[in-house]
Every structure is written in C-alpha cells, then in structure tokens.
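**Student:** Structure file entry_2.csv (CSV, N, CA and C atoms) right here:
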chain,number,residue,atom,x,y,z
A,1,MET,N,0.9,-1.2,0.0
A,1,MET,CA,0.0,0.0,0.0
A,1,MET,C,0.9,1.2,0.0
A,2,SER,N,0.8,2.0,-1.0
A,2,SER,CA,1.6,3.2,-1.2
A,2,SER,C,0.8,4.4,-1.3
A,3,VAL,N,1.1,5.5,-0.6
A,3,VAL,CA,0.4,6.7,-0.6
A,3,VAL,C,1.4,7.8,-1.0
A,4,SER,N,2.1,7.6,-2.0
A,4,SER,CA,3.2,8.5,-2.4
A,4,SER,C,2.7,9.8,-2.9
A,5,GLY,N,1.5,9.9,-3.4
A,5,GLY,CA,0.9,11.2,-3.9
A,5,GLY,C,0.6,12.2,-2.7
A,6,VAL,N,0.3,11.6,-1.6
A,6,VAL,CA,-0.1,12.5,-0.4
A,6,VAL,C,1.2,13.2,0.1
A,7,GLY,N,2.3,12.4,0.3
A,7,GLY,CA,3.5,12.9,0.9
A,7,GLY,C,4.3,13.8,0.0
A,8,GLY,N,4.0,13.8,-1.3
A,8,GLY,CA,4.7,14.7,-2.2
A,8,GLY,C,6.1,14.2,-2.5
A,9,GLY,N,6.4,13.0,-2.3
A,9,GLY,CA,7.7,12.5,-2.7
A,9,GLY,C,8.0,11.1,-2.2
A,10,GLY,N,6.9,10.3,-2.0
A,10,GLY,CA,7.1,8.9,-1.6
A,10,GLY,C,7.5,8.8,-0.2
A,11,GLY,N,6.9,9.5,0.7
A,11,GLY,CA,7.2,9.5,2.1
A,11,GLY,C,7.0,8.1,2.7
A,12,ILE,N,6.0,7.4,2.4
A,12,ILE,CA,5.7,6.0,2.9
A,12,ILE,C,6.8,5.1,2.4
A,13,ASP,N,7.2,5.2,1.2
A,13,ASP,CA,8.3,4.4,0.6
A,13,ASP,C,9.6,4.6,1.3
A,14,ARG,N,9.8,5.9,1.6
A,14,ARG,CA,11.1,6.3,2.3
A,14,ARG,C,11.1,5.7,3.7
A,15,VAL,N,9.9,5.7,4.4
A,15,VAL,CA,9.9,5.2,5.8
A,15,VAL,C,10.1,3.7,5.7
A,16,LEU,N,9.5,3.0,4.7
A,16,LEU,CA,9.7,1.6,4.6
A,16,LEU,C,11.1,1.2,4.3
A,17,ALA,N,11.8,2.0,3.5
A,17,ALA,CA,13.2,1.8,3.2
A,17,ALA,C,14.0,2.0,4.4
A,18,LEU,N,13.7,3.0,5.2
A,18,LEU,CA,14.5,3.2,6.5
A,18,LEU,C,14.3,2.1,7.4
A,19,ARG,N,13.0,1.6,7.5
A,19,ARG,CA,12.7,0.4,8.3
A,19,ARG,C,13.5,-0.8,7.9
A,20,ALA,N,13.6,-1.1,6.6
A,20,ALA,CA,14.4,-2.2,6.1
A,20,ALA,C,15.8,-2.0,6.4
A,21,GLN,N,16.3,-0.8,6.3
A,21,GLN,CA,17.7,-0.6,6.6
A,21,GLN,C,18.0,-0.8,8.1
A,22,ILE,N,17.1,-0.4,9.0
A,22,ILE,CA,17.2,-0.6,10.4
A,22,ILE,C,17.2,-2.1,10.7
A,23,LEU,N,16.3,-2.8,10.1
A,23,LEU,CA,16.3,-4.3,10.3
A,23,LEU,C,17.6,-5.0,9.9
A,24,GLU,N,18.1,-4.5,8.7
A,24,GLU,CA,19.4,-5.1,8.3
A,24,GLU,C,20.5,-4.8,9.2
A,25,ARG,N,20.5,-3.6,9.7
A,25,ARG,CA,21.6,-3.3,10.7
A,25,ARG,C,21.4,-4.1,12.0
A,26,ASN,N,20.2,-4.3,12.5
A,26,ASN,CA,20.0,-5.1,13.7
A,26,ASN,C,20.5,-6.5,13.5
A,27,GLN,N,20.2,-7.1,12.3
A,27,GLN,CA,20.7,-8.4,12.0
A,27,GLN,C,22.2,-8.5,12.0
A,28,ALA,N,22.8,-7.5,11.4
A,28,ALA,CA,24.3,-7.4,11.3
A,28,ALA,C,24.8,-7.3,12.7
A,29,LEU,N,24.2,-6.5,13.6
A,29,LEU,CA,24.7,-6.4,14.9
A,29,LEU,C,24.5,-7.7,15.7
A,30,ALA,N,23.4,-8.4,15.5
A,30,ALA,CA,23.2,-9.7,16.1
A,30,ALA,C,24.2,-10.7,15.7
A,31,ARG,N,24.5,-10.7,14.4
A,31,ARG,CA,25.6,-11.6,14.0
A,31,ARG,C,26.9,-11.3,14.6
A,32,ALA,N,27.2,-10.0,14.7
A,32,ALA,CA,28.5,-9.6,15.3
A,32,ALA,C,28.6,-9.9,16.7
A,33,ASN,N,27.5,-9.8,17.4
A,33,ASN,CA,27.4,-10.1,18.9
A,33,ASN,C,27.6,-11.6,19.1
A,34,GLN,N,27.0,-12.4,18.1
A,34,GLN,CA,27.2,-13.9,18.2
A,34,GLN,C,28.6,-14.3,17.9
A,35,ALA,N,29.3,-13.6,17.1
A,35,ALA,CA,30.6,-13.9,16.7
A,35,ALA,C,31.6,-13.6,17.9
A,36,VAL,N,31.2,-12.6,18.7
A,36,VAL,CA,32.0,-12.3,19.8
A,36,VAL,C,31.5,-13.1,21.0
A,37,SER,N,32.1,-14.2,21.3
A,37,SER,CA,31.5,-15.1,22.3
A,37,SER,C,32.2,-14.7,23.7
A,38,GLY,N,31.4,-14.0,24.5
A,38,GLY,CA,31.8,-13.6,25.8
A,38,GLY,C,32.8,-12.5,25.9
A,39,GLY,N,33.3,-12.0,24.7
A,39,GLY,CA,34.2,-10.8,24.7
A,39,GLY,C,33.5,-9.5,24.8
A,40,ALA,N,34.2,-8.5,24.9
A,40,ALA,CA,33.7,-7.1,24.9
A,40,ALA,C,33.0,-6.8,23.6
A,41,PRO,N,31.9,-6.1,23.6
A,41,PRO,CA,31.3,-5.7,22.3
A,41,PRO,C,32.1,-4.8,21.5
A,42,ALA,N,31.9,-4.8,20.2
A,42,ALA,CA,32.7,-3.9,19.4
A,42,ALA,C,32.4,-2.5,19.7
A,43,THR,N,33.4,-1.6,19.7
A,43,THR,CA,33.2,-0.2,20.0
A,43,THR,C,32.6,0.6,18.9
A,44,GLN,N,32.8,0.2,17.6
A,44,GLN,CA,32.3,0.9,16.5
A,44,GLN,C,30.8,0.6,16.2
A,45,ALA,N,30.3,-0.5,16.7
A,45,ALA,CA,28.9,-0.9,16.3
A,45,ALA,C,27.8,0.1,16.7
A,46,PRO,N,27.8,0.7,17.9
A,46,PRO,CA,26.7,1.6,18.2
A,46,PRO,C,26.8,2.9,17.4
A,47,ALA,N,28.0,3.3,16.9
A,47,ALA,CA,28.1,4.6,16.3
A,47,ALA,C,27.3,4.6,14.9
A,48,GLY,N,27.3,3.5,14.2
A,48,GLY,CA,26.6,3.4,12.9
A,48,GLY,C,25.1,3.6,13.0
A,49,PRO,N,24.4,2.8,13.8
A,49,PRO,CA,23.0,3.0,13.8
A,49,PRO,C,22.6,4.4,14.4
A,50,ALA,N,23.3,4.8,15.5
A,50,ALA,CA,23.0,6.1,16.1
A,50,ALA,C,23.2,7.2,15.1
A,51,LYS,N,24.3,7.1,14.3
A,51,LYS,CA,24.5,8.1,13.2
A,51,LYS,C,23.4,8.1,12.2
A,52,ASN,N,23.0,6.9,11.8
A,52,ASN,CA,21.9,6.8,10.8
A,52,ASN,C,20.6,7.3,11.3
A,53,PHE,N,20.3,7.0,12.6
A,53,PHE,CA,19.1,7.5,13.2
A,53,PHE,C,19.1,9.0,13.2
A,54,THR,N,20.2,9.6,13.6
A,54,THR,CA,20.3,11.1,13.6
A,54,THR,C,20.1,11.7,12.3
A,55,ALA,N,20.8,11.1,11.3
A,55,ALA,CA,20.6,11.6,9.9
A,55,ALA,C,19.2,11.4,9.4
A,56,ALA,N,18.5,10.3,9.7
A,56,ALA,CA,17.2,10.1,9.3
A,56,ALA,C,16.2,11.1,10.0
A,57,LEU,N,16.5,11.4,11.3
A,57,LEU,CA,15.7,12.3,12.0
A,57,LEU,C,15.8,13.7,11.4
A,58,GLN,N,17.1,14.1,11.1
A,58,GLN,CA,17.3,15.4,10.5
A,58,GLN,C,16.7,15.5,9.2
A,59,ASP,N,16.7,14.5,8.4
A,59,ASP,CA,16.1,14.5,7.1
A,59,ASP,C,14.6,14.7,7.2
A,60,ALA,N,14.0,13.9,8.1
A,60,ALA,CA,12.6,14.0,8.3
A,60,ALA,C,12.2,15.4,8.8
A,61,LEU,N,12.9,16.0,9.7
A,61,LEU,CA,12.6,17.4,10.1
A,61,LEU,C,12.8,18.4,9.0
A,62,GLN,N,13.8,18.2,8.2
A,62,GLN,CA,14.0,19.0,7.0
A,62,GLN,C,12.8,18.9,6.0
A,63,GLN,N,12.3,17.7,5.8
A,63,GLN,CA,11.2,17.6,4.9
A,63,GLN,C,9.9,18.3,5.5
A,64,VAL,N,9.7,18.2,6.8
A,64,VAL,CA,8.6,18.8,7.4
A,64,VAL,C,8.7,20.3,7.3
A,65,ASN,N,9.9,20.8,7.5
A,65,ASN,CA,10.2,22.3,7.3
A,65,ASN,C,10.0,22.7,5.9
A,66,GLU,N,10.4,21.9,4.9
A,66,GLU,CA,10.2,22.3,3.5
A,66,GLU,C,8.7,22.3,3.2
A,67,GLY,N,8.0,21.3,3.7
A,67,GLY,CA,6.5,21.3,3.5
A,67,GLY,C,5.8,22.5,4.1
A,68,GLN,N,6.3,23.0,5.3
A,68,GLN,CA,5.7,24.2,5.9
A,68,GLN,C,6.0,25.4,5.0
A,69,ALA,N,7.3,25.4,4.4
A,69,ALA,CA,7.6,26.5,3.6
A,69,ALA,C,6.8,26.6,2.3
A,70,ARG,N,6.6,25.4,1.7
A,70,ARG,CA,5.8,25.3,0.5
A,70,ARG,C,4.4,25.7,0.7
A,71,ALA,N,3.8,25.3,1.8
A,71,ALA,CA,2.5,25.7,2.2
A,71,ALA,C,2.4,27.2,2.4
A,72,GLY,N,3.4,27.8,3.0
A,72,GLY,CA,3.4,29.2,3.2
A,72,GLY,C,3.5,30.0,1.9
A,73,ALA,N,4.4,29.5,1.1
A,73,ALA,CA,4.6,30.1,-0.2
A,73,ALA,C,3.3,30.0,-1.1
A,74,ALA,N,2.6,28.9,-1.1
A,74,ALA,CA,1.4,28.7,-1.9
A,74,ALA,C,0.3,29.6,-1.3
A,75,SER,N,0.2,29.7,0.0
A,75,SER,CA,-0.8,30.6,0.6
A,75,SER,C,-0.5,32.1,0.3
A,76,SER,N,0.7,32.5,0.3
A,76,SER,CA,1.1,33.8,0.0
A,76,SER,C,0.8,34.2,-1.4
A,77,ALA,N,1.1,33.2,-2.3
A,77,ALA,CA,0.9,33.4,-3.8
A,77,ALA,C,-0.6,33.6,-4.0
A,78,TYR,N,-1.4,32.8,-3.3
A,78,TYR,CA,-2.9,32.8,-3.5
A,78,TYR,C,-3.4,34.2,-3.0
A,79,GLU,N,-2.9,34.6,-1.9
A,79,GLU,CA,-3.4,35.9,-1.3
A,79,GLU,C,-3.0,37.1,-2.1
A,80,ARG,N,-1.8,37.0,-2.8
A,80,ARG,CA,-1.4,38.0,-3.7
A,80,ARG,C,-2.2,38.1,-5.0
A,81,GLY,N,-3.0,37.0,-5.2
A,81,GLY,CA,-3.8,37.0,-6.4
A,81,GLY,C,-3.2,36.3,-7.6
A,82,GLU,N,-2.1,35.7,-7.4
A,82,GLU,CA,-1.4,34.9,-8.5
A,82,GLU,C,-2.3,33.8,-8.9
A,83,THR,N,-2.2,33.4,-10.1
A,83,THR,CA,-3.0,32.3,-10.7
A,83,THR,C,-2.5,31.0,-10.1
A,84,ILE,N,-3.1,30.6,-9.0
A,84,ILE,CA,-2.8,29.3,-8.4
A,84,ILE,C,-4.2,28.7,-7.9
A,85,ASP,N,-4.3,27.4,-8.1
A,85,ASP,CA,-5.5,26.7,-7.8
A,85,ASP,C,-5.7,26.6,-6.2
A,86,ILE,N,-6.9,26.9,-5.8
A,86,ILE,CA,-7.1,26.9,-4.3
A,86,ILE,C,-7.0,25.5,-3.8
A,87,ALA,N,-7.3,24.5,-4.6
A,87,ALA,CA,-7.2,23.1,-4.2
A,87,ALA,C,-5.7,22.8,-3.9
A,88,LYS,N,-4.8,23.3,-4.7
A,88,LYS,CA,-3.4,23.0,-4.5
A,88,LYS,C,-2.9,23.7,-3.2
A,89,VAL,N,-3.5,24.9,-2.9
A,89,VAL,CA,-3.1,25.6,-1.7
A,89,VAL,C,-3.6,24.8,-0.5
A,90,MET,N,-4.8,24.4,-0.5
A,90,MET,CA,-5.4,23.7,0.6
A,90,MET,C,-4.7,22.3,0.8
A,91,LEU,N,-4.3,21.7,-0.3
A,91,LEU,CA,-3.6,20.4,-0.2
A,91,LEU,C,-2.2,20.6,0.5
A,92,ALA,N,-1.5,21.7,0.0
A,92,ALA,CA,-0.2,21.9,0.6
A,92,ALA,C,-0.3,22.3,2.1
A,93,ARG,N,-1.3,23.0,2.4
A,93,ARG,CA,-1.5,23.4,3.9
A,93,ARG,C,-1.8,22.1,4.7
A,94,GLN,N,-2.7,21.2,4.1
A,94,GLN,CA,-3.1,20.0,4.8
A,94,GLN,C,-1.9,19.1,5.0
A,95,GLU,N,-1.1,19.0,3.9
A,95,GLU,CA,0.2,18.1,4.0
A,95,GLU,C,1.1,18.7,5.1
A,96,ALA,N,1.3,20.0,5.1
A,96,ALA,CA,2.1,20.6,6.1
A,96,ALA,C,1.6,20.3,7.5
A,97,ALA,N,0.3,20.4,7.7
A,97,ALA,CA,-0.3,20.2,9.0
A,97,ALA,C,-0.1,18.7,9.5
A,98,VAL,N,-0.3,17.8,8.5
A,98,VAL,CA,-0.2,16.4,8.9
A,98,VAL,C,1.3,16.1,9.2
A,99,GLY,N,2.2,16.7,8.4
A,99,GLY,CA,3.7,16.5,8.7
A,99,GLY,C,4.0,17.0,10.1
A,100,PHE,N,3.5,18.2,10.4
A,100,PHE,CA,3.8,18.8,11.7
A,100,PHE,C,3.2,18.0,12.8
A,101,GLU,N,2.0,17.5,12.7
A,101,GLU,CA,1.3,16.7,13.7
A,101,GLU,C,2.1,15.4,13.9
A,102,ALA,N,2.6,14.8,12.8
A,102,ALA,CA,3.4,13.5,13.0
A,102,ALA,C,4.7,13.8,13.7
A,103,THR,N,5.3,14.9,13.4
A,103,THR,CA,6.5,15.3,14.1
A,103,THR,C,6.3,15.5,15.5
A,104,LEU,N,5.2,16.2,15.9
A,104,LEU,CA,4.8,16.4,17.2
A,104,LEU,C,4.6,15.1,18.0
A,105,GLN,N,3.9,14.2,17.4
A,105,GLN,CA,3.7,12.9,18.0
A,105,GLN,C,5.0,12.1,18.3
A,106,VAL,N,5.9,12.2,17.3
A,106,VAL,CA,7.2,11.5,17.5
A,106,VAL,C,8.0,12.1,18.6
A,107,ARG,N,7.9,13.5,18.7
A,107,ARG,CA,8.6,14.2,19.8
A,107,ARG,C,8.0,13.8,21.1
A,108,ASN,N,6.7,13.7,21.2
A,108,ASN,CA,6.0,13.3,22.4
A,108,ASN,C,6.4,11.9,22.9
A,109,LYS,N,6.5,11.0,21.9
A,109,LYS,CA,6.9,9.6,22.2
A,109,LYS,C,8.4,9.5,22.6
A,110,LEU,N,9.2,10.3,22.0
A,110,LEU,CA,10.6,10.3,22.4
A,110,LEU,C,10.8,10.9,23.8
A,111,LEU,N,10.1,11.9,24.1
A,111,LEU,CA,10.1,12.5,25.5
A,111,LEU,C,9.6,11.5,26.5
A,112,SER,N,8.5,10.8,26.2
A,112,SER,CA,8.0,9.8,27.1
A,112,SER,C,9.0,8.7,27.3
A,113,ALA,N,9.6,8.2,26.3
A,113,ALA,CA,10.6,7.2,26.4
A,113,ALA,C,11.8,7.6,27.3
A,114,TYR,N,12.2,8.9,27.0
A,114,TYR,CA,13.3,9.4,27.8
A,114,TYR,C,12.9,9.5,29.3
A,115,LYS,N,11.7,10.0,29.6
A,115,LYS,CA,11.3,10.0,31.0
A,115,LYS,C,11.2,8.7,31.6
A,116,ASP,N,10.7,7.7,30.9
A,116,ASP,CA,10.7,6.3,31.4
A,116,ASP,C,12.1,5.8,31.7
A,117,ILE,N,13.0,6.0,30.8
A,117,ILE,CA,14.4,5.6,31.0
A,117,ILE,C,15.0,6.2,32.2
A,118,MET,N,14.8,7.5,32.3
A,118,MET,CA,15.4,8.3,33.4
A,118,MET,C,14.8,7.9,34.8
A,119,SER,N,13.6,7.4,34.8
A,119,SER,CA,12.9,7.1,36.1
A,119,SER,C,13.2,5.6,36.5
A,120,MET,N,14.0,4.9,35.6
A,120,MET,CA,14.3,3.5,36.0
A,120,MET,C,15.4,3.5,37.1
A,121,PRO,N,15.2,2.6,38.0
A,121,PRO,CA,16.2,2.5,39.1
A,121,PRO,C,17.5,1.9,38.5
A,122,VAL,N,18.6,2.4,39.1
A,122,VAL,CA,19.9,1.9,38.6
A,122,VAL,C,20.3,0.7,39.2
Render the structure in this file as structure tokens.
**Tutor:**
Amino acid sequence: MSVSGVGGGGGIDRVLALRAQILERNQALARANQAVSGGAPATQAPAGPAKNFTAALQDALQQVNEGQARAGAASSAYERGETIDIAKVMLARQEAAVGFEATLQVRNKLLSAYKDIMSMPV
C-alpha cells in the first residue's frame, strides 16, 4: 500500500526503506554479537545506527520544514492574487499540518521514552 501522492515524494516508501535498513543493521549487529563469544562488544557498532538515526531524524525534520515553507509560499501566492489553484493551496496546507502533527507525536513519544528511561532504578 503506497500513498506516495499525499506525501509529495514517496514518504511512505522512504519510511519503509528506512525500516528495512534498520532491520538489516539489527541483523548485522546480532551476527556480530554472536561472533564475539563472551568478549567485549565492538566499540564501533553503536556509532553506525546512532549516526543513521540522527541523519534520518534530521532528514525528516528538514522535509517537514520544507513542507511548511511550500504551504506558506502557496498561501502567500494565492493571497497576492497569483493564478494558483485553491485546491493546491489547501492540499499543501493540509500536508504541512499532517507532517507537523506527525513530528509532534514522534517528539512526544521520544520524550515519554526518555522520561521512562530516566525514572528506571539503577
């Protein structure tokens, strides 16, 4: 099921590709941990997934920001009386709103997870 027209660039496909990449990395880490029998874990292993997560998060935030900018530009163009379809303006604004709401929900989940981790007894 692909809703690439709504995201304006295959957002669902991108998320699925990121998920597949994360699963591949987890399998590679599991194989590496099995290879190291009883020894110390490799020091470079955590840096890869953390770096990819950071890059993926930054890309997602950049896309949300670009969506907000596109919606603002479309609204401004319509208000100035330029020949732009109102349906396109409304669609751009709705896409920006959905992207922002999704970002807000991810932030809330991350904060909740952080609070849960910090409240764990040591």
**Student:** Please measure the separation of CA of Ala74 in chain A and CA of Val89 in chain A, giving the value in Å to one decimal.
**Tutor:**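 Those two atoms sit 5.5 Å apart.
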**Student:** Pick out the closest residue to Glu95 in chain A from this set: A:Ala77, A:Leu110, A:Val64, A:Ile117. Count only N, CA and C atoms.
**Tutor:**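 Answer, going by the shortest atom-to-atom distance: A:Val64.
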**Student:** As a VMD selection string, which residues of range 81-110 of chain A does DSSP assign to alpha helix (DSSP H)?
**Tutor:** chain A and resid 86 to 110
**Student:** What does the distance from CA of Arg107 in chain A to atom N of Leu57 in chain A come to in Å, to one decimal?
**Tutor:**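 Between CA of Arg107 in chain A and atom N of Leu57 in chain A the gap works out to 11.9 Å.
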**Student:** For a test of reading the model, state the distance in Å between CA of Ala92 in chain A and CA of Gly11 in chain A, rounded to one decimal.
**Tutor:**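 Going from CA of Ala92 in chain A over to CA of Gly11 in chain A, I get 14.5 Å.
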